[in-house]
$ cat input27.cif   # mmCIF, C-alpha atoms and all ligand atoms
data_my_file
loop_
_atom_site.group_PDB
_atom_site.id
_atom_site.type_symbol
_atom_site.label_atom_id
_atom_site.label_comp_id
_atom_site.auth_asym_id
_atom_site.auth_seq_id
_atom_site.Cartn_x
_atom_site.Cartn_y
_atom_site.Cartn_z
ATOM 1 C CA MET M 1 0.000 0.000 0.000
ATOM 2 C CA LYS M 2 1.176 3.502 -0.845
ATOM 3 C CA PRO M 3 3.234 5.222 0.296
ATOM 4 C CA LYS M 4 6.102 2.834 0.890
ATOM 5 C CA ILE M 5 8.107 4.002 3.883
ATOM 6 C CA TYR M 6 11.851 3.974 3.227
ATOM 7 C CA ALA M 7 14.218 4.238 6.188
ATOM 8 C CA HIS M 8 16.563 7.024 5.117
ATOM 9 C CA ARG M 9 20.163 5.811 5.660
ATOM 10 C CA GLY M 10 18.491 3.163 7.836
ATOM 11 C CA ALA M 11 16.649 4.233 10.986
ATOM 12 C CA SER M 12 19.141 7.080 11.133
ATOM 13 C CA ASN M 13 17.469 9.031 13.910
ATOM 14 C CA TYR M 14 18.226 6.192 16.310
ATOM 15 C CA ALA M 15 21.453 4.586 15.070
ATOM 16 C CA PRO M 16 24.492 5.779 13.075
ATOM 17 C CA GLU M 17 23.396 6.440 9.493
ATOM 18 C CA ASN M 18 24.229 3.931 6.770
ATOM 19 C CA THR M 19 25.409 1.211 9.152
ATOM 20 C CA MET M 20 24.165 -2.319 9.698
ATOM 21 C CA PRO M 21 22.668 -1.440 13.131
ATOM 22 C CA ALA M 22 20.635 1.345 11.453
ATOM 23 C CA PHE M 23 19.381 -1.060 8.764
ATOM 24 C CA GLN M 24 18.584 -3.779 11.286
ATOM 25 C CA LEU M 25 16.683 -1.361 13.478
ATOM 26 C CA ALA M 26 14.621 -0.168 10.508
ATOM 27 C CA TYR M 27 13.836 -3.789 9.658
ATOM 28 C CA ASN M 28 12.782 -4.443 13.267
ATOM 29 C CA MET M 29 10.446 -1.457 12.964
ATOM 30 C CA LYS M 30 8.888 -3.202 9.925
ATOM 31 C CA THR M 31 9.948 -0.585 7.420
ATOM 32 C CA ASP M 32 8.799 -1.123 3.818
ATOM 33 C CA GLY M 33 12.235 -0.291 2.440
ATOM 34 C CA ILE M 34 15.727 0.971 3.096
ATOM 35 C CA GLU M 35 17.533 3.879 1.459
ATOM 36 C CA THR M 36 21.314 4.063 1.390
ATOM 37 C CA ASP M 37 24.170 5.924 -0.310
ATOM 38 C CA VAL M 38 27.035 4.413 -2.296
ATOM 39 C CA GLN M 39 30.556 5.763 -2.874
ATOM 40 C CA LEU M 40 33.579 3.936 -4.316
ATOM 41 C CA THR M 41 36.849 3.257 -2.488
ATOM 42 C CA LYS M 42 40.262 3.712 -4.109
ATOM 43 C CA ASP M 43 40.149 0.027 -5.108
ATOM 44 C CA ASN M 44 36.598 0.338 -6.508
ATOM 45 C CA VAL M 45 34.639 -1.320 -3.700
ATOM 46 C CA PRO M 46 31.125 0.138 -3.328
ATOM 47 C CA VAL M 47 30.643 1.241 0.292
ATOM 48 C CA LEU M 48 27.702 2.780 2.119
ATOM 49 C CA ILE M 49 28.387 6.300 3.286
ATOM 50 C CA HIS M 50 26.647 9.588 2.527
ATOM 51 C CA ASP M 51 29.540 12.048 2.325
ATOM 52 C CA GLU M 52 32.444 11.917 -0.115
ATOM 53 C CA HIS M 53 34.790 11.953 2.883
ATOM 54 C CA VAL M 54 34.834 10.133 6.223
ATOM 55 C CA ASN M 55 35.263 13.278 8.353
ATOM 56 C CA ARG M 56 31.726 13.615 9.709
ATOM 57 C CA THR M 57 30.776 10.012 10.422
ATOM 58 C CA THR M 58 34.005 8.279 11.456
ATOM 59 C CA ASN M 59 36.995 8.739 13.749
ATOM 60 C CA SER M 60 39.242 9.711 10.825
ATOM 61 C CA ILE M 61 39.537 12.167 7.944
ATOM 62 C CA GLY M 62 39.988 11.801 4.187
ATOM 63 C CA TYR M 63 38.159 11.103 0.973
ATOM 64 C CA ILE M 64 36.656 7.670 0.317
ATOM 65 C CA ARG M 65 38.259 7.620 -3.141
ATOM 66 C CA ASP M 66 41.699 7.957 -1.490
ATOM 67 C CA LEU M 67 41.167 5.036 0.928
ATOM 68 C CA THR M 68 41.343 1.356 0.107
ATOM 69 C CA TYR M 69 38.642 -1.018 1.288
ATOM 70 C CA HIS M 70 41.039 -2.378 3.933
ATOM 71 C CA GLU M 71 41.904 1.119 5.222
ATOM 72 C CA LEU M 72 38.250 2.134 5.331
ATOM 73 C CA LYS M 73 37.274 -0.991 7.280
ATOM 74 C CA GLN M 74 39.606 0.020 10.147
ATOM 75 C CA LEU M 75 37.494 3.127 10.857
ATOM 76 C CA ASP M 76 34.903 3.487 13.593
ATOM 77 C CA ALA M 77 31.630 4.684 12.054
ATOM 78 C CA GLY M 78 29.566 4.398 15.231
ATOM 79 C CA SER M 79 31.176 6.371 18.071
ATOM 80 C CA TRP M 80 30.395 9.796 16.561
ATOM 81 C CA PHE M 81 26.723 8.940 17.053
ATOM 82 C CA SER M 82 26.933 7.286 20.471
ATOM 83 C CA PRO M 83 29.538 5.294 22.458
ATOM 84 C CA LYS M 84 26.992 2.468 22.327
ATOM 85 C CA PHE M 85 27.889 1.943 18.654
ATOM 86 C CA LYS M 86 31.688 1.957 19.085
ATOM 87 C CA GLY M 87 33.361 -0.430 16.664
ATOM 88 C CA THR M 88 30.641 -0.239 14.010
ATOM 89 C CA THR M 89 32.218 -0.205 10.550
ATOM 90 C CA ILE M 90 31.246 1.306 7.204
ATOM 91 C CA PRO M 91 29.401 -1.488 5.394
ATOM 92 C CA THR M 92 30.085 -2.529 1.832
ATOM 93 C CA LEU M 93 27.175 -2.734 -0.587
ATOM 94 C CA GLU M 94 27.745 -6.468 -0.637
ATOM 95 C CA GLU M 95 27.222 -6.725 3.142
ATOM 96 C CA LEU M 96 23.862 -5.010 2.751
ATOM 97 C CA LEU M 97 22.850 -7.196 -0.197
ATOM 98 C CA THR M 98 23.753 -10.354 1.727
ATOM 99 C CA TRP M 99 21.713 -9.167 4.714
ATOM 100 C CA ILE M 100 18.657 -8.031 2.751
ATOM 101 C CA LYS M 101 18.496 -11.018 0.388
ATOM 102 C CA ASP M 102 16.169 -13.091 2.606
ATOM 103 C CA LYS M 103 14.156 -10.120 3.896
ATOM 104 C CA SER M 104 11.164 -9.085 1.837
ATOM 105 C CA ILE M 105 11.768 -5.338 1.906
ATOM 106 C CA TYR M 106 12.565 -2.824 -0.817
ATOM 107 C CA LEU M 107 15.916 -1.230 -1.423
ATOM 108 C CA ASN M 108 16.810 2.219 -2.705
ATOM 109 C CA ILE M 109 20.428 2.614 -3.620
ATOM 110 C CA GLU M 110 21.546 6.158 -4.230
ATOM 111 C CA LEU M 111 24.729 6.536 -6.251
ATOM 112 C CA LYS M 112 26.635 9.454 -4.746
ATOM 113 C CA ASN M 113 28.178 10.445 -8.038
ATOM 114 C CA ASN M 114 26.975 14.014 -8.360
ATOM 115 C CA LYS M 115 30.049 15.571 -6.719
ATOM 116 C CA ILE M 116 32.616 12.929 -7.713
ATOM 117 C CA ASP M 117 31.625 11.181 -10.924
ATOM 118 C CA TYR M 118 33.146 7.800 -9.967
ATOM 119 C CA LYS M 119 34.104 5.927 -13.108
ATOM 120 C CA TYR M 120 32.190 2.660 -13.620
ATOM 121 C CA ILE M 121 30.103 3.052 -10.434
ATOM 122 C CA GLU M 122 26.901 2.311 -12.366
ATOM 123 C CA ALA M 123 28.237 -0.940 -13.836
ATOM 124 C CA ILE M 124 29.852 -2.091 -10.570
ATOM 125 C CA VAL M 125 26.660 -1.558 -8.571
ATOM 126 C CA TYR M 126 24.449 -3.038 -11.283
ATOM 127 C CA GLU M 127 26.528 -6.229 -11.477
ATOM 128 C CA GLN M 128 26.347 -6.733 -7.694
ATOM 129 C CA ILE M 129 22.590 -6.223 -7.501
ATOM 130 C CA LYS M 130 22.103 -8.560 -10.444
ATOM 131 C CA ALA M 131 24.357 -11.183 -8.868
ATOM 132 C CA TYR M 132 22.186 -11.109 -5.729
ATOM 133 C CA GLN M 133 19.026 -11.293 -7.865
ATOM 134 C CA LEU M 134 17.690 -8.140 -6.259
ATOM 135 C CA ILE M 135 16.860 -6.130 -9.388
ATOM 136 C CA ASN M 136 13.120 -6.638 -8.845
ATOM 137 C CA ARG M 137 12.982 -4.842 -5.520
ATOM 138 C CA THR M 138 15.710 -2.290 -6.018
ATOM 139 C CA THR M 139 15.384 1.319 -7.114
ATOM 140 C CA ILE M 140 18.561 3.062 -8.161
ATOM 141 C CA SER M 141 18.743 6.835 -7.844
ATOM 142 C CA THR M 142 21.163 9.699 -8.383
ATOM 143 C CA PHE M 143 21.255 13.493 -8.524
ATOM 144 C CA ASN M 144 23.438 13.156 -11.647
ATOM 145 C CA PRO M 145 21.284 13.276 -14.834
ATOM 146 C CA ASN M 146 24.169 12.037 -16.997
ATOM 147 C CA SER M 147 24.482 8.982 -14.790
ATOM 148 C CA VAL M 148 20.734 8.350 -15.168
ATOM 149 C CA LYS M 149 21.182 8.451 -18.943
ATOM 150 C CA ARG M 150 24.129 6.056 -18.787
ATOM 151 C CA MET M 151 22.144 3.591 -16.670
ATOM 152 C CA ALA M 152 19.106 3.846 -18.936
ATOM 153 C CA ALA M 153 21.345 2.969 -21.872
ATOM 154 C CA HIS M 154 23.558 0.279 -20.344
ATOM 155 C CA THR M 155 21.704 -1.433 -17.483
ATOM 156 C CA ASN M 156 18.387 -3.131 -16.893
ATOM 157 C CA PHE M 157 17.431 -1.620 -13.575
ATOM 158 C CA ARG M 158 13.686 -2.082 -13.071
ATOM 159 C CA GLU M 159 13.413 1.313 -11.422
ATOM 160 C CA LEU M 160 15.633 4.219 -12.232
ATOM 161 C CA ALA M 161 15.087 7.522 -10.401
ATOM 162 C CA LEU M 162 16.333 11.038 -10.868
ATOM 163 C CA LEU M 163 16.832 12.849 -7.566
ATOM 164 C CA THR M 164 16.317 16.556 -7.306
ATOM 165 C CA SER M 165 16.357 19.126 -4.530
ATOM 166 C CA LYS M 166 15.968 21.986 -7.014
ATOM 167 C CA ARG M 167 12.975 23.198 -8.984
ATOM 168 C CA ILE M 168 13.289 21.982 -12.561
ATOM 169 C CA ARG M 169 11.068 22.793 -15.527
ATOM 170 C CA ASN M 170 8.653 19.971 -16.412
ATOM 171 C CA PRO M 171 10.308 17.476 -14.040
ATOM 172 C CA ILE M 172 8.168 14.499 -15.055
ATOM 173 C CA GLN M 173 8.901 15.061 -18.733
ATOM 174 C CA PHE M 174 12.618 15.518 -17.951
ATOM 175 C CA VAL M 175 12.693 12.186 -16.099
ATOM 176 C CA LYS M 176 11.139 10.431 -19.085
ATOM 177 C CA GLU M 177 13.557 12.086 -21.511
ATOM 178 C CA LEU M 178 16.467 10.755 -19.444
ATOM 179 C CA GLY M 179 15.036 7.244 -19.712
ATOM 180 C CA ALA M 180 14.118 7.005 -16.021
ATOM 181 C CA ASN M 181 10.775 5.968 -14.540
ATOM 182 C CA ALA M 182 10.871 7.569 -11.091
ATOM 183 C CA LEU M 183 11.407 10.993 -9.552
ATOM 184 C CA HIS M 184 12.677 11.448 -6.003
ATOM 185 C CA VAL M 185 12.045 14.997 -4.987
ATOM 186 C CA LYS M 186 12.634 17.206 -1.955
ATOM 187 C CA TYR M 187 9.520 17.616 0.175
ATOM 188 C CA ASN M 188 9.010 21.340 -0.459
ATOM 189 C CA LEU M 189 8.895 20.851 -4.250
ATOM 190 C CA VAL M 190 5.926 18.481 -4.302
ATOM 191 C CA ASN M 191 2.417 19.651 -5.098
ATOM 192 C CA PRO M 192 -0.820 17.860 -6.003
ATOM 193 C CA SER M 193 -0.495 18.562 -9.727
ATOM 194 C CA MET M 194 2.961 16.957 -9.778
ATOM 195 C CA VAL M 195 1.487 13.875 -8.097
ATOM 196 C CA THR M 196 -1.342 13.678 -10.647
ATOM 197 C CA LEU M 197 0.983 14.140 -13.623
ATOM 198 C CA ALA M 198 3.408 11.531 -12.302
ATOM 199 C CA GLN M 199 0.559 9.037 -11.966
ATOM 200 C CA GLN M 200 -0.724 9.799 -15.479
ATOM 201 C CA GLN M 201 2.773 9.394 -16.919
ATOM 202 C CA HIS M 202 3.502 6.209 -14.914
ATOM 203 C CA VAL M 203 6.424 7.843 -13.155
ATOM 204 C CA LYS M 204 6.891 6.840 -9.502
ATOM 205 C CA LEU M 205 7.099 9.829 -7.193
ATOM 206 C CA ARG M 206 8.834 9.678 -3.825
ATOM 207 C CA ILE M 207 9.671 12.444 -1.341
ATOM 208 C CA PHE M 208 12.672 13.146 0.879
ATOM 209 C CA THR M 209 13.345 13.660 3.743
ATOM 210 C CA VAL M 210 10.107 13.696 5.705
ATOM 211 C CA ASN M 211 10.437 13.540 9.481
ATOM 212 C CA ARG M 212 7.904 15.855 11.094
ATOM 213 C CA PRO M 213 4.470 14.313 11.745
ATOM 214 C CA ALA M 214 2.618 17.153 9.953
ATOM 215 C CA ARG M 215 4.720 16.582 6.843
ATOM 216 C CA ILE M 216 4.353 12.811 7.051
ATOM 217 C CA ILE M 217 0.573 13.219 7.211
ATOM 218 C CA ARG M 218 0.560 15.613 4.263
ATOM 219 C CA SER M 219 2.768 13.282 2.193
ATOM 220 C CA ILE M 220 0.423 10.364 2.847
ATOM 221 C CA LYS M 221 -2.534 12.533 1.754
ATOM 222 C CA TYR M 222 -0.711 13.499 -1.454
ATOM 223 C CA GLY M 223 -0.747 9.850 -2.489
ATOM 224 C CA VAL M 224 2.948 9.692 -3.392
ATOM 225 C CA ASP M 225 4.581 6.309 -3.956
ATOM 226 C CA GLY M 226 7.192 6.610 -1.256
ATOM 227 C CA ILE M 227 8.557 8.619 1.645
ATOM 228 C CA PHE M 228 12.161 8.711 2.807
ATOM 229 C CA THR M 229 12.370 9.287 6.532
ATOM 230 C CA ASP M 230 14.871 9.095 9.396
ATOM 231 C CA VAL M 231 11.971 8.030 11.650
ATOM 232 C CA PRO M 232 10.368 5.013 9.949
ATOM 233 C CA ASP M 233 8.556 4.083 13.164
ATOM 234 C CA VAL M 234 6.747 7.439 13.198
ATOM 235 C CA ALA M 235 5.926 7.328 9.463
ATOM 236 C CA LEU M 236 4.603 3.756 9.762
ATOM 237 C CA TYR M 237 2.499 4.768 12.745
ATOM 238 C CA TYR M 238 0.743 7.508 10.729
ATOM 239 C CA LYS M 239 0.464 5.353 7.629
ATOM 240 C CA HIS M 240 -1.304 2.619 9.569
ATOM 241 C CA LEU M 241 -3.443 5.129 11.443
ATOM 242 C CA MET M 242 -4.603 6.817 8.234
ATOM 243 C CA LEU M 243 -4.779 3.878 5.849
ATOM 244 C CA GLY M 244 -5.177 0.818 8.028
ATOM 245 C CA LYS M 245 -2.734 -2.019 8.574
ATOM 246 C CA GLN M 246 -3.241 -4.082 5.420
ATOM 247 C CA GLN M 247 -0.200 -3.800 3.141
HETATM 248 O O1 LIG Y 301 17.375 9.488 -1.540
HETATM 249 C C1 LIG Y 301 16.792 10.574 -0.915
HETATM 250 C C2 LIG Y 301 17.780 11.387 -0.121
HETATM 251 O O2 LIG Y 301 18.612 10.521 0.574
HETATM 252 C C3 LIG Y 301 18.626 12.311 -0.960
HETATM 253 O O3 LIG Y 301 19.374 13.213 -0.206
HETATM 254 O O4 LIG Y 301 21.431 14.063 0.815
HETATM 255 O O5 LIG Y 301 19.979 12.560 2.128
HETATM 256 O O6 LIG Y 301 21.299 11.675 0.233
HETATM 257 P P1 LIG Y 301 20.566 12.856 0.780
HETATM 258 CA CA CA Y 302 20.623 9.457 0.068
#
$ encode --input "input27.cif" --output "structure tokens" --more "lines below"
Ligand code: G3P
Ligand code: CA
Amino acid sequence: MKPKIYAHRGASNYAPENTMPAFQLAYNMKTDGIETDVQLTKDNVPVLIHDEHVNRTTNSIGYIRDLTYHELKQLDAGSWFSPKFKGTTIPTLEELLTWIKDKSIYLNIELKNNKIDYKYIEAIVYEQIKAYQLINRTTISTFNPNSVKRMAAHTNFRELALLTSKRIRNPIQFVKELGANALHVKYNLVNPSMVTLAQQQHVKLRIFTVNRPARIIRSIKYGVDGIFTDVPDVALYYKHLMLGKQQ
């Protein structure tokens, strides 16, 4: 049932973002899906971290692209959030795919290639998701329109989304021109006519990042396909309250 609730970077209000504890917690909360961010290490391993550098969310500094997988795995990605999570590491995409394989929830993988256009990131991520047979419940998204075009041309992702936090002219038409079939848009840019047009054009429309109850309620009323939230428990509570429990 719409909207699907996606735990943004896992249940990131309660556990360090983009870590296995945050994903597990979201799953325990019965989230519909999980959203995460992918960057590439120096040796081309896809890892789950939002920023291009490790400064904010680990005990070290430096760019992901300058660190090898082995170097990155030594870092503590939990203590910045709470001492309770000391020793938590940055997960690889493969760790997440292994974990999610037997869980019937959706996955949104955001390629973080709008600031650093990592070479081959699309192909590397596509091959891993295909190998885990997770294409059918995965949406791939990026803020980089050129990357969307490349994926439309060279991969068979079932759902390909353009992300935008800026107002663009005719966004639904733009998405279709790129070869995508979903638009992930910042909360303040959504309006009822965008929702209607997206439905008419068979473009999935999802909103980020919706945390406040009033905004969650409004998003559910809009009838969008998905909501990205740091508080999946709160969003699920309102979804069930407003729409009932049947999924
Ligand atoms: O995928 C939706 C949202 O995560 C995009 O923004 O900056 O939180 O990755 P950001
Ligand atoms: Ca993201």
$ residues_around --input "input27.cif" --residues "Ile172 of chain M" --least-positions-apart "4" --cutoff "9 Å" --atoms "all atoms listed in the file" --output "MDAnalysis selection string"
chainID M and resid 176:177 181:183 194 197:198 201 203
$ write_last_selection --input "input27.cif" --atoms "C-alpha atoms" --output "mmCIF file, in the coordinates of the input"
data_model
loop_
_atom_site.group_PDB
_atom_site.id
_atom_site.type_symbol
_atom_site.label_atom_id
_atom_site.label_comp_id
_atom_site.auth_asym_id
_atom_site.auth_seq_id
_atom_site.Cartn_x
_atom_site.Cartn_y
_atom_site.Cartn_z
ATOM 1 C CA LYS M 176 11.139 10.431 -19.085
ATOM 2 C CA GLU M 177 13.557 12.086 -21.511
ATOM 3 C CA ASN M 181 10.775 5.968 -14.540
ATOM 4 C CA ALA M 182 10.871 7.569 -11.091
ATOM 5 C CA LEU M 183 11.407 10.993 -9.552
ATOM 6 C CA MET M 194 2.961 16.957 -9.778
ATOM 7 C CA LEU M 197 0.983 14.140 -13.623
ATOM 8 C CA ALA M 198 3.408 11.531 -12.302
ATOM 9 C CA GLN M 201 2.773 9.394 -16.919
ATOM 10 C CA VAL M 203 6.424 7.843 -13.155
#
$ residues_near_ligand --input "input27.cif" --ligand "ligand LIG 301 (chain Y)" --cutoff "12 Å" --atoms "all atoms listed in the file" --output "short mmCIF file (atom, residue, chain, number, x, y, z; two decimals) with C-alpha atoms, in the coordinates of the input"
data_model
loop_
_atom_site.label_atom_id
_atom_site.label_comp_id
_atom_site.auth_asym_id
_atom_site.auth_seq_id
_atom_site.Cartn_x
_atom_site.Cartn_y
_atom_site.Cartn_z
CA ILE M 5 8.11 4.00 3.88
CA TYR M 6 11.85 3.97 3.23
CA ALA M 7 14.22 4.24 6.19
CA HIS M 8 16.56 7.02 5.12
CA ARG M 9 20.16 5.81 5.66
CA GLY M 10 18.49 3.16 7.84
CA SER M 12 19.14 7.08 11.13
CA GLU M 17 23.40 6.44 9.49
CA ASN M 18 24.23 3.93 6.77
CA GLY M 33 12.24 -0.29 2.44
CA ILE M 34 15.73 0.97 3.10
CA GLU M 35 17.53 3.88 1.46
CA THR M 36 21.31 4.06 1.39
CA ASP M 37 24.17 5.92 -0.31
CA VAL M 38 27.04 4.41 -2.30
CA GLN M 39 30.56 5.76 -2.87
CA LEU M 48 27.70 2.78 2.12
CA ILE M 49 28.39 6.30 3.29
CA HIS M 50 26.65 9.59 2.53
CA ASP M 51 29.54 12.05 2.33
CA GLU M 52 32.44 11.92 -0.12
CA LEU M 107 15.92 -1.23 -1.42
CA ASN M 108 16.81 2.22 -2.70
CA ILE M 109 20.43 2.61 -3.62
CA GLU M 110 21.55 6.16 -4.23
CA LEU M 111 24.73 6.54 -6.25
CA LYS M 112 26.64 9.45 -4.75
CA ASN M 113 28.18 10.44 -8.04
CA ASN M 114 26.98 14.01 -8.36
CA LYS M 115 30.05 15.57 -6.72
CA THR M 139 15.38 1.32 -7.11
CA ILE M 140 18.56 3.06 -8.16
CA SER M 141 18.74 6.84 -7.84
CA THR M 142 21.16 9.70 -8.38
CA PHE M 143 21.26 13.49 -8.52
CA ASN M 144 23.44 13.16 -11.65
CA ALA M 161 15.09 7.52 -10.40
CA LEU M 162 16.33 11.04 -10.87
CA LEU M 163 16.83 12.85 -7.57
CA THR M 164 16.32 16.56 -7.31
CA SER M 165 16.36 19.13 -4.53
CA LYS M 166 15.97 21.99 -7.01
CA ALA M 182 10.87 7.57 -11.09
CA LEU M 183 11.41 10.99 -9.55
CA HIS M 184 12.68 11.45 -6.00
CA VAL M 185 12.04 15.00 -4.99
CA LYS M 186 12.63 17.21 -1.96
CA TYR M 187 9.52 17.62 0.18
CA LEU M 205 7.10 9.83 -7.19
CA ARG M 206 8.83 9.68 -3.82
CA ILE M 207 9.67 12.44 -1.34
CA PHE M 208 12.67 13.15 0.88
CA THR M 209 13.34 13.66 3.74
CA VAL M 210 10.11 13.70 5.70
CA GLY M 226 7.19 6.61 -1.26
CA ILE M 227 8.56 8.62 1.64
CA PHE M 228 12.16 8.71 2.81
CA THR M 229 12.37 9.29 6.53
CA ASP M 230 14.87 9.10 9.40
#
$ atom_distance --input "input27.cif" --atom1 "atom CA of Thr58 of chain M" --atom2 "atom CA of Ala15 of chain M"
13.6 Å
$ closest_residue --input "input27.cif" --among "M:Leu75, M:Ile217, M:Val45, M:Ile124" --to "His154 of chain M" --atoms "all atoms listed in the file"
M:Ile124
$ residues_around --input "input27.cif" --residues "Asp43 of chain M" --least-positions-apart "2" --cutoff "12 Å" --atoms "all atoms listed in the file" --output "NGL selection string"
:M and (39-41 or 45-47 or 64-72 or 118-121 or 124)
$ write_last_selection --input "input27.cif" --atoms "C-alpha atoms" --output "PDB file, in the frame of the given file"
ATOM      1  CA  GLN M  39      30.556   5.763  -2.874  1.00  0.00           C
ATOM      2  CA  LEU M  40      33.579   3.936  -4.316  1.00  0.00           C
ATOM      3  CA  THR M  41      36.849   3.257  -2.488  1.00  0.00           C
ATOM      4  CA  VAL M  45      34.639  -1.320  -3.700  1.00  0.00           C
ATOM      5  CA  PRO M  46      31.125   0.138  -3.328  1.00  0.00           C
ATOM      6  CA  VAL M  47      30.643   1.241   0.292  1.00  0.00           C
ATOM      7  CA  ILE M  64      36.656   7.670   0.317  1.00  0.00           C
ATOM      8  CA  ARG M  65      38.259   7.620  -3.141  1.00  0.00           C
ATOM      9  CA  ASP M  66      41.699   7.957  -1.490  1.00  0.00           C
ATOM     10  CA  LEU M  67      41.167   5.036   0.928  1.00  0.00           C
ATOM     11  CA  THR M  68      41.343   1.356   0.107  1.00  0.00           C
ATOM     12  CA  TYR M  69      38.642  -1.018   1.288  1.00  0.00           C
ATOM     13  CA  HIS M  70      41.039  -2.378   3.933  1.00  0.00           C
ATOM     14  CA  GLU M  71      41.904   1.119   5.222  1.00  0.00           C
ATOM     15  CA  LEU M  72      38.250   2.134   5.331  1.00  0.00           C
ATOM     16  CA  TYR M 118      33.146   7.800  -9.967  1.00  0.00           C
ATOM     17  CA  LYS M 119      34.104   5.927 -13.108  1.00  0.00           C
ATOM     18  CA  TYR M 120      32.190   2.660 -13.620  1.00  0.00           C
ATOM     19  CA  ILE M 121      30.103   3.052 -10.434  1.00  0.00           C
ATOM     20  CA  ILE M 124      29.852  -2.091 -10.570  1.00  0.00           C
TER      21      ILE M 124
END
$ closest_residue --input "input27.cif" --among "M:Tyr14, M:Ser193, M:Asn156, M:Gln74" --to "Asn170 of chain M" --atoms "all atoms listed in the file"
M:Ser193
